[in-house]
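See structure below.
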Amino acid sequence: MTQDEQKQAVAQAAADYVARHLPVGGLLGVGTGSTANLFIAALAPLKARIGGAVASSEATRARLEALGIPLVDLNAIERLALYVDGADEITPQLAMTKGGGGALTREKIVAQAADTFVCIADASKAVPMLGKFPLPVEVIPMAAGQVARQLALLGGKPKPRTDFTTDNGNVILDVCGLVIENPQMLETRINQIPGVVTNGLFALRGADVLLLGSETGVRTVARAP
Ligand code: 5RP
């Protein structure tokens, strides 16, 4: 299968997962990106099952709305049964780098509220160690220069994402060159820099299930207990 075919296959596998695991009327969190968009399209036949969805970006909100899936304000609920989203990189331990599409902060918020995080990814996203994909860091605009200096002290080479503002009105620094041997520790460390809203490491709350594309089909990987 090509990369696009793998994205389509994992999106359909995630819709099948929703059909099997989401209780009727249950609440679903929905991610952002090209793989998540295919997942949203695959949700059409399941509309009646979904009690409500929380979107991780304005783009996803618009797609869910167009499909007629009821949107729910995260402040109005306690927990979501499932969250389905893509990733830029994912390790065998199911730690991820996310934020290639710039929606990392809302994605992390929604993921945190979910009982089960299902990651959907084509084979190119599976890596033994995070760090080849530049780490996105969402930053309050007035702090961008200061945060960039701190990230350089951690060994990174931060580059402002051009012509891009997040849904929250902030900027993104894409950081190359980080050695991410301990993703949980680095996630915590970067989030402590004043001015950082969040960073794209999803290790403290990684995925629970990975639906991974391959040349021959979709493989299901569950996080080790
Ligand atoms: C958006 C994300 C996406 O999940 C990630 O960038 C993967 O996107 P795609 O499915 O288009 O490869 O984190 O902020």
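All residue names refer to the structure tokens as shown: chains lettered A, B, ... in order, residues numbered from 1 in each chain, ligands numbered from 1 in order.
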How would you write, as a compact mmCIF listing (two decimals) with N, CA and C atoms, in the first residue's frame, the set of residues no farther than 8 Å from ligand 1 when counting only C-alpha atoms and all ligand atoms?
```txt
# COMPACT_ATOMS: atom_id res chain seq x y z
N LYS A 7 -2.96 5.57 5.01
CA LYS A 7 -3.73 6.54 5.81
C LYS A 7 -5.21 6.21 5.75
N GLY A 31 -9.04 14.23 16.37
CA GLY A 31 -7.78 14.93 16.12
C GLY A 31 -7.78 15.74 14.84
N THR A 32 -6.55 16.14 14.46
CA THR A 32 -6.37 17.08 13.35
C THR A 32 -5.28 16.56 12.42
N GLY A 33 -5.46 16.83 11.13
CA GLY A 33 -4.43 16.45 10.16
C GLY A 33 -5.02 15.63 9.03
N SER A 34 -4.18 15.24 8.09
CA SER A 34 -4.70 14.54 6.90
C SER A 34 -5.24 13.15 7.25
N THR A 35 -4.60 12.45 8.18
CA THR A 35 -5.10 11.11 8.57
C THR A 35 -6.39 11.26 9.36
N ALA A 36 -6.42 12.24 10.26
CA ALA A 36 -7.65 12.50 11.04
C ALA A 36 -8.80 12.91 10.11
N ASN A 37 -8.49 13.64 9.05
CA ASN A 37 -9.55 14.04 8.11
C ASN A 37 -10.19 12.82 7.45
N ASP A 85 -6.47 10.26 16.82
CA ASP A 85 -5.66 11.31 16.19
C ASP A 85 -4.44 10.69 15.52
N GLY A 86 -3.84 11.45 14.63
CA GLY A 86 -2.61 11.04 13.96
C GLY A 86 -1.39 11.42 14.78
N ALA A 87 -0.22 11.24 14.17
CA ALA A 87 1.04 11.62 14.83
C ALA A 87 2.08 11.89 13.75
N ASP A 88 3.09 12.64 14.13
CA ASP A 88 4.22 12.87 13.22
C ASP A 88 5.29 11.81 13.40
N THR A 97 5.53 12.43 18.77
CA THR A 97 5.66 13.84 18.46
C THR A 97 4.43 14.20 17.64
N LYS A 98 3.78 15.31 18.01
CA LYS A 98 2.60 15.79 17.29
C LYS A 98 2.73 17.31 17.10
N GLY A 99 1.85 17.84 16.27
CA GLY A 99 1.85 19.29 16.09
C GLY A 99 2.31 19.74 14.72
N GLY A 100 2.56 18.77 13.83
CA GLY A 100 2.91 19.15 12.46
C GLY A 100 1.83 20.05 11.85
N GLY A 101 0.60 19.82 12.25
CA GLY A 101 -0.50 20.66 11.77
C GLY A 101 -0.77 21.86 12.67
N GLY A 102 -0.02 21.97 13.74
CA GLY A 102 -0.12 23.15 14.61
C GLY A 102 -1.22 23.10 15.65
N ALA A 103 -1.87 21.94 15.80
CA ALA A 103 -3.01 21.88 16.73
C ALA A 103 -2.63 21.22 18.06
N LEU A 104 -1.33 21.18 18.37
CA LEU A 104 -0.85 20.36 19.48
C LEU A 104 -1.49 20.68 20.83
N GLU A 107 -4.99 19.42 20.95
CA GLU A 107 -4.91 17.95 20.88
C GLU A 107 -4.51 17.36 22.23
N ILE A 120 -3.55 6.87 14.89
CA ILE A 120 -3.62 6.29 13.54
C ILE A 120 -2.45 6.85 12.73
N ALA A 121 -1.66 5.94 12.17
CA ALA A 121 -0.44 6.39 11.50
C ALA A 121 -0.04 5.45 10.38
N GLY A 200 5.08 19.56 21.55
CA GLY A 200 4.47 18.47 20.80
C GLY A 200 4.86 17.08 21.22
```
Which residues in chain A does DSSP call strand (DSSP E)? List them as a PyMOL selection string.
chain A and resi 26-30+50-55+80-85+89-90+96-97+114-121+135-139+157-160+171-176+196-199+201-202+209-213+218-222
Selected residue, from A:Lys157, A:Gly29, A:Gly195, A:Pro45, that lies nearest to Asp73 in chain A when counting only C-alpha atoms:
A:Gly29
When you look at Ser214 in chain A with a cut-off of 10 Å (counting only C-alpha atoms), what residues show up, excluding the ones that are within fewer than 3 positions of it in the same chain? I need them as a ChimeraX atom specification.
/A:1-3,5-7,9-10,121-124,211,217-219
Extract, using only C-alpha atoms, all DNA, RNA and protein residues at most 12 Å from range 160-169 of chain A, discarding same-chain residues fewer than 3 positions from it, and format them as a JSON list (two decimals) with N, CA and C atoms, in the first residue's frame.
```
[["chain", "number", "residue", "atom", "x", "y", "z"],
["A", 32, "THR", "N", -6.55, 16.14, 14.46],
["A", 32, "THR", "CA", -6.37, 17.08, 13.35],
["A", 32, "THR", "C", -5.28, 16.56, 12.42],
["A", 55, "ALA", "N", -13.76, 18.64, 19.20],
["A", 55, "ALA", "CA", -12.79, 18.85, 18.12],
["A", 55, "ALA", "C", -11.49, 19.40, 18.69],
["A", 56, "SER", "N", -10.36, 18.97, 18.09],
["A", 56, "SER", "CA", -9.05, 19.43, 18.55],
["A", 56, "SER", "C", -8.55, 20.64, 17.77],
["A", 57, "SER", "N", -9.38, 21.15, 16.86],
["A", 57, "SER", "CA", -8.98, 22.35, 16.10],
["A", 57, "SER", "C", -10.23, 22.93, 15.43],
["A", 58, "GLU", "N", -10.09, 24.14, 14.95],
["A", 58, "GLU", "CA", -11.21, 24.76, 14.22],
["A", 58, "GLU", "C", -11.45, 24.02, 12.91],
["A", 59, "ALA", "N", -10.37, 23.56, 12.27],
["A", 59, "ALA", "CA", -10.51, 22.82, 11.00],
["A", 59, "ALA", "C", -11.33, 21.54, 11.21],
["A", 60, "THR", "N", -11.00, 20.82, 12.28],
["A", 60, "THR", "CA", -11.73, 19.59, 12.58],
["A", 60, "THR", "C", -13.18, 19.90, 12.97],
["A", 61, "ARG", "N", -13.35, 20.98, 13.72],
["A", 61, "ARG", "CA", -14.72, 21.39, 14.09],
["A", 61, "ARG", "C", -15.57, 21.57, 12.82],
["A", 99, "GLY", "N", 1.85, 17.84, 16.27],
["A", 99, "GLY", "CA", 1.85, 19.29, 16.09],
["A", 99, "GLY", "C", 2.31, 19.74, 14.72],
["A", 100, "GLY", "N", 2.56, 18.77, 13.83],
["A", 100, "GLY", "CA", 2.91, 19.15, 12.46],
["A", 100, "GLY", "C", 1.83, 20.05, 11.85],
["A", 101, "GLY", "N", 0.60, 19.82, 12.25],
["A", 101, "GLY", "CA", -0.50, 20.66, 11.77],
["A", 101, "GLY", "C", -0.77, 21.86, 12.67],
["A", 102, "GLY", "N", -0.02, 21.97, 13.74],
["A", 102, "GLY", "CA", -0.12, 23.15, 14.61],
["A", 102, "GLY", "C", -1.22, 23.10, 15.65],
["A", 103, "ALA", "N", -1.87, 21.94, 15.80],
["A", 103, "ALA", "CA", -3.01, 21.88, 16.73],
["A", 103, "ALA", "C", -2.63, 21.22, 18.06],
["A", 104, "LEU", "N", -1.33, 21.18, 18.37],
["A", 104, "LEU", "CA", -0.85, 20.36, 19.48],
["A", 104, "LEU", "C", -1.49, 20.68, 20.83],
["A", 105, "THR", "N", -1.73, 21.96, 21.11],
["A", 105, "THR", "CA", -2.24, 22.29, 22.45],
["A", 105, "THR", "C", -3.64, 21.74, 22.66],
["A", 106, "ARG", "N", -4.52, 22.01, 21.70],
["A", 106, "ARG", "CA", -5.88, 21.48, 21.87],
["A", 106, "ARG", "C", -5.88, 19.95, 21.79],
["A", 107, "GLU", "N", -4.99, 19.42, 20.95],
["A", 107, "GLU", "CA", -4.91, 17.95, 20.88],
["A", 107, "GLU", "C", -4.51, 17.36, 22.23],
["A", 134, "PRO", "N", 11.06, 17.71, 13.43],
["A", 134, "PRO", "CA", 11.26, 18.87, 14.31],
["A", 134, "PRO", "C", 10.13, 18.98, 15.34],
["A", 135, "LEU", "N", 10.50, 19.22, 16.58],
["A", 135, "LEU", "CA", 9.50, 19.26, 17.65],
["A", 135, "LEU", "C", 8.76, 20.61, 17.65],
["A", 136, "PRO", "N", 7.44, 20.60, 17.44],
["A", 136, "PRO", "CA", 6.69, 21.85, 17.49],
["A", 136, "PRO", "C", 6.48, 22.30, 18.95],
["A", 137, "VAL", "N", 6.70, 23.59, 19.18],
["A", 137, "VAL", "CA", 6.46, 24.16, 20.51],
["A", 137, "VAL", "C", 5.58, 25.39, 20.32],
["A", 138, "GLU", "N", 4.40, 25.38, 20.95],
["A", 138, "GLU", "CA", 3.50, 26.55, 20.84],
["A", 138, "GLU", "C", 3.90, 27.56, 21.91],
["A", 139, "VAL", "N", 4.04, 28.82, 21.49],
["A", 139, "VAL", "CA", 4.62, 29.84, 22.36],
["A", 139, "VAL", "C", 3.77, 31.12, 22.30],
["A", 140, "ILE", "N", 3.63, 31.77, 23.45],
["A", 140, "ILE", "CA", 3.00, 33.10, 23.49],
["A", 140, "ILE", "C", 3.88, 34.04, 22.66],
["A", 141, "PRO", "N", 3.29, 34.81, 21.72],
["A", 141, "PRO", "CA", 4.13, 35.56, 20.78],
["A", 141, "PRO", "C", 5.21, 36.43, 21.44],
["A", 142, "MET", "N", 4.91, 37.13, 22.54],
["A", 142, "MET", "CA", 5.92, 38.03, 23.11],
["A", 142, "MET", "C", 7.11, 37.27, 23.71],
["A", 143, "ALA", "N", 6.94, 35.96, 23.91],
["A", 143, "ALA", "CA", 8.02, 35.18, 24.54],
["A", 143, "ALA", "C", 8.86, 34.42, 23.53],
["A", 144, "ALA", "N", 8.55, 34.54, 22.24],
["A", 144, "ALA", "CA", 9.18, 33.66, 21.25],
["A", 144, "ALA", "C", 10.71, 33.72, 21.30],
["A", 145, "GLY", "N", 11.27, 34.92, 21.38],
["A", 145, "GLY", "CA", 12.73, 35.06, 21.38],
["A", 145, "GLY", "C", 13.36, 34.43, 22.61],
["A", 147, "VAL", "N", 12.04, 32.12, 24.59],
["A", 147, "VAL", "CA", 11.86, 30.65, 24.57],
["A", 147, "VAL", "C", 12.86, 30.02, 23.61],
["A", 148, "ALA", "N", 13.07, 30.66, 22.46],
["A", 148, "ALA", "CA", 14.02, 30.12, 21.48],
["A", 148, "ALA", "C", 15.41, 30.00, 22.10],
["A", 157, "LYS", "N", 17.60, 23.52, 17.73],
["A", 157, "LYS", "CA", 17.72, 24.65, 16.79],
["A", 157, "LYS", "C", 16.29, 25.08, 16.42],
["A", 172, "ILE", "N", 4.38, 29.11, 16.59],
["A", 172, "ILE", "CA", 5.02, 27.79, 16.76],
["A", 172, "ILE", "C", 6.52, 27.92, 16.47],
["A", 173, "LEU", "N", 7.32, 27.35, 17.34],
["A", 173, "LEU", "CA", 8.75, 27.16, 17.05],
["A", 173, "LEU", "C", 8.93, 25.68, 16.72],
["A", 174, "ASP", "N", 9.51, 25.40, 15.55],
["A", 174, "ASP", "CA", 9.82, 24.00, 15.19],
["A", 174, "ASP", "C", 11.28, 23.77, 15.53],
["A", 175, "VAL", "N", 11.53, 22.79, 16.40],
["A", 175, "VAL", "CA", 12.87, 22.63, 16.97],
["A", 175, "VAL", "C", 13.55, 21.37, 16.43],
["A", 176, "CYS", "N", 14.62, 21.59, 15.67],
["A", 176, "CYS", "CA", 15.44, 20.47, 15.15],
["A", 176, "CYS", "C", 16.56, 20.16, 16.13],
["A", 197, "VAL", "N", 3.36, 27.39, 25.74],
["A", 197, "VAL", "CA", 1.98, 26.96, 26.01],
["A", 197, "VAL", "C", 1.97, 25.44, 26.14],
["A", 198, "THR", "N", 2.52, 24.78, 25.16],
["A", 198, "THR", "CA", 2.78, 23.35, 25.28],
["A", 198, "THR", "C", 3.76, 22.91, 24.19]]
```
Determine, counting only C-alpha atoms, which protein, DNA and RNA residues have an atom within 10 Å of an atom of Gly131 in chain A; residues of the same chain fewer than 2 positions away are not included. Present the result as a PyMOL selection string.
chain A and resi 89+96-97+127-129+133-135+175-181+183+201
May I have the residues from that selection written out with N, CA, C and O atoms, as a PDB file, in the first residue's frame?
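Final file, part-v4.pdb:
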```
ATOM      1  N   GLU A  89       5.446  11.348  14.627  1.00  0.00           N
ATOM      2  CA  GLU A  89       6.337  10.223  14.928  1.00  0.00           C
ATOM      3  C   GLU A  89       5.726   9.460  16.099  1.00  0.00           C
ATOM      4  O   GLU A  89       5.111  10.067  16.980  1.00  0.00           O
ATOM      5  N   MET A  96       4.741   9.996  21.345  1.00  0.00           N
ATOM      6  CA  MET A  96       4.602  10.619  20.025  1.00  0.00           C
ATOM      7  C   MET A  96       5.185  12.023  19.977  1.00  0.00           C
ATOM      8  O   MET A  96       5.277  12.703  21.006  1.00  0.00           O
ATOM      9  N   THR A  97       5.528  12.428  18.772  1.00  0.00           N
ATOM     10  CA  THR A  97       5.663  13.841  18.458  1.00  0.00           C
ATOM     11  C   THR A  97       4.431  14.203  17.641  1.00  0.00           C
ATOM     12  O   THR A  97       4.078  13.487  16.695  1.00  0.00           O
ATOM     13  N   VAL A 127       8.985   5.116  14.522  1.00  0.00           N
ATOM     14  CA  VAL A 127      10.425   5.357  14.685  1.00  0.00           C
ATOM     15  C   VAL A 127      10.901   4.693  15.978  1.00  0.00           C
ATOM     16  O   VAL A 127      10.134   4.559  16.928  1.00  0.00           O
ATOM     17  N   PRO A 128      12.185   4.298  16.023  1.00  0.00           N
ATOM     18  CA  PRO A 128      12.686   3.733  17.287  1.00  0.00           C
ATOM     19  C   PRO A 128      12.846   4.801  18.358  1.00  0.00           C
ATOM     20  O   PRO A 128      12.720   4.533  19.550  1.00  0.00           O
ATOM     21  N   MET A 129      13.149   6.038  17.934  1.00  0.00           N
ATOM     22  CA  MET A 129      13.371   7.135  18.901  1.00  0.00           C
ATOM     23  C   MET A 129      12.858   8.430  18.276  1.00  0.00           C
ATOM     24  O   MET A 129      13.068   8.672  17.079  1.00  0.00           O
ATOM     25  N   PHE A 133      11.755  14.293  13.332  1.00  0.00           N
ATOM     26  CA  PHE A 133      10.748  15.306  12.990  1.00  0.00           C
ATOM     27  C   PHE A 133      10.936  16.490  13.948  1.00  0.00           C
ATOM     28  O   PHE A 133      10.998  16.294  15.169  1.00  0.00           O
ATOM     29  N   PRO A 134      11.057  17.709  13.425  1.00  0.00           N
ATOM     30  CA  PRO A 134      11.256  18.868  14.309  1.00  0.00           C
ATOM     31  C   PRO A 134      10.128  18.985  15.340  1.00  0.00           C
ATOM     32  O   PRO A 134       8.955  18.849  14.996  1.00  0.00           O
ATOM     33  N   LEU A 135      10.502  19.222  16.581  1.00  0.00           N
ATOM     34  CA  LEU A 135       9.500  19.260  17.654  1.00  0.00           C
ATOM     35  C   LEU A 135       8.764  20.606  17.650  1.00  0.00           C
ATOM     36  O   LEU A 135       9.379  21.656  17.864  1.00  0.00           O
ATOM     37  N   VAL A 175      11.532  22.788  16.396  1.00  0.00           N
ATOM     38  CA  VAL A 175      12.870  22.630  16.969  1.00  0.00           C
ATOM     39  C   VAL A 175      13.551  21.370  16.427  1.00  0.00           C
ATOM     40  O   VAL A 175      13.111  20.250  16.686  1.00  0.00           O
ATOM     41  N   CYS A 176      14.622  21.591  15.670  1.00  0.00           N
ATOM     42  CA  CYS A 176      15.436  20.470  15.150  1.00  0.00           C
ATOM     43  C   CYS A 176      16.558  20.160  16.132  1.00  0.00           C
ATOM     44  O   CYS A 176      16.928  20.998  16.957  1.00  0.00           O
ATOM     45  N   GLY A 177      17.135  18.998  15.982  1.00  0.00           N
ATOM     46  CA  GLY A 177      18.412  18.705  16.646  1.00  0.00           C
ATOM     47  C   GLY A 177      18.315  18.236  18.082  1.00  0.00           C
ATOM     48  O   GLY A 177      19.347  18.029  18.722  1.00  0.00           O
ATOM     49  N   LEU A 178      17.118  18.065  18.613  1.00  0.00           N
ATOM     50  CA  LEU A 178      17.015  17.600  20.004  1.00  0.00           C
ATOM     51  C   LEU A 178      17.282  16.098  20.074  1.00  0.00           C
ATOM     52  O   LEU A 178      16.825  15.343  19.211  1.00  0.00           O
ATOM     53  N   VAL A 179      18.002  15.694  21.081  1.00  0.00           N
ATOM     54  CA  VAL A 179      18.197  14.256  21.315  1.00  0.00           C
ATOM     55  C   VAL A 179      17.158  13.847  22.355  1.00  0.00           C
ATOM     56  O   VAL A 179      17.227  14.259  23.512  1.00  0.00           O
ATOM     57  N   ILE A 180      16.186  13.072  21.919  1.00  0.00           N
ATOM     58  CA  ILE A 180      15.035  12.803  22.803  1.00  0.00           C
ATOM     59  C   ILE A 180      15.145  11.386  23.357  1.00  0.00           C
ATOM     60  O   ILE A 180      14.411  10.482  22.954  1.00  0.00           O
ATOM     61  N   GLU A 181      16.080  11.225  24.292  1.00  0.00           N
ATOM     62  CA  GLU A 181      16.266   9.889  24.875  1.00  0.00           C
ATOM     63  C   GLU A 181      15.190   9.594  25.909  1.00  0.00           C
ATOM     64  O   GLU A 181      14.798   8.449  26.099  1.00  0.00           O
ATOM     65  N   PRO A 183      11.602  11.053  26.473  1.00  0.00           N
ATOM     66  CA  PRO A 183      10.564  11.989  26.025  1.00  0.00           C
ATOM     67  C   PRO A 183       9.736  12.574  27.176  1.00  0.00           C
ATOM     68  O   PRO A 183       9.357  13.750  27.128  1.00  0.00           O
ATOM     69  N   LEU A 201       5.586  16.944  22.353  1.00  0.00           N
ATOM     70  CA  LEU A 201       5.843  15.592  22.871  1.00  0.00           C
ATOM     71  C   LEU A 201       4.593  15.101  23.596  1.00  0.00           C
ATOM     72  O   LEU A 201       4.057  15.794  24.475  1.00  0.00           O
TER      73      LEU A 201
END
```
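Proximity to Asn75 in chain A was assessed for A:Ala44, A:Gly206, A:Ala113, A:Pro23 counting only C-alpha atoms; the smallest distance is recorded for A:Ala113.
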Using DSSP on the backbone coordinates, identify all residues within range 33-83 of chain A classified as alpha helix (DSSP H); present the result as a PyMOL selection string.
chain A and resi 34-42+58-67
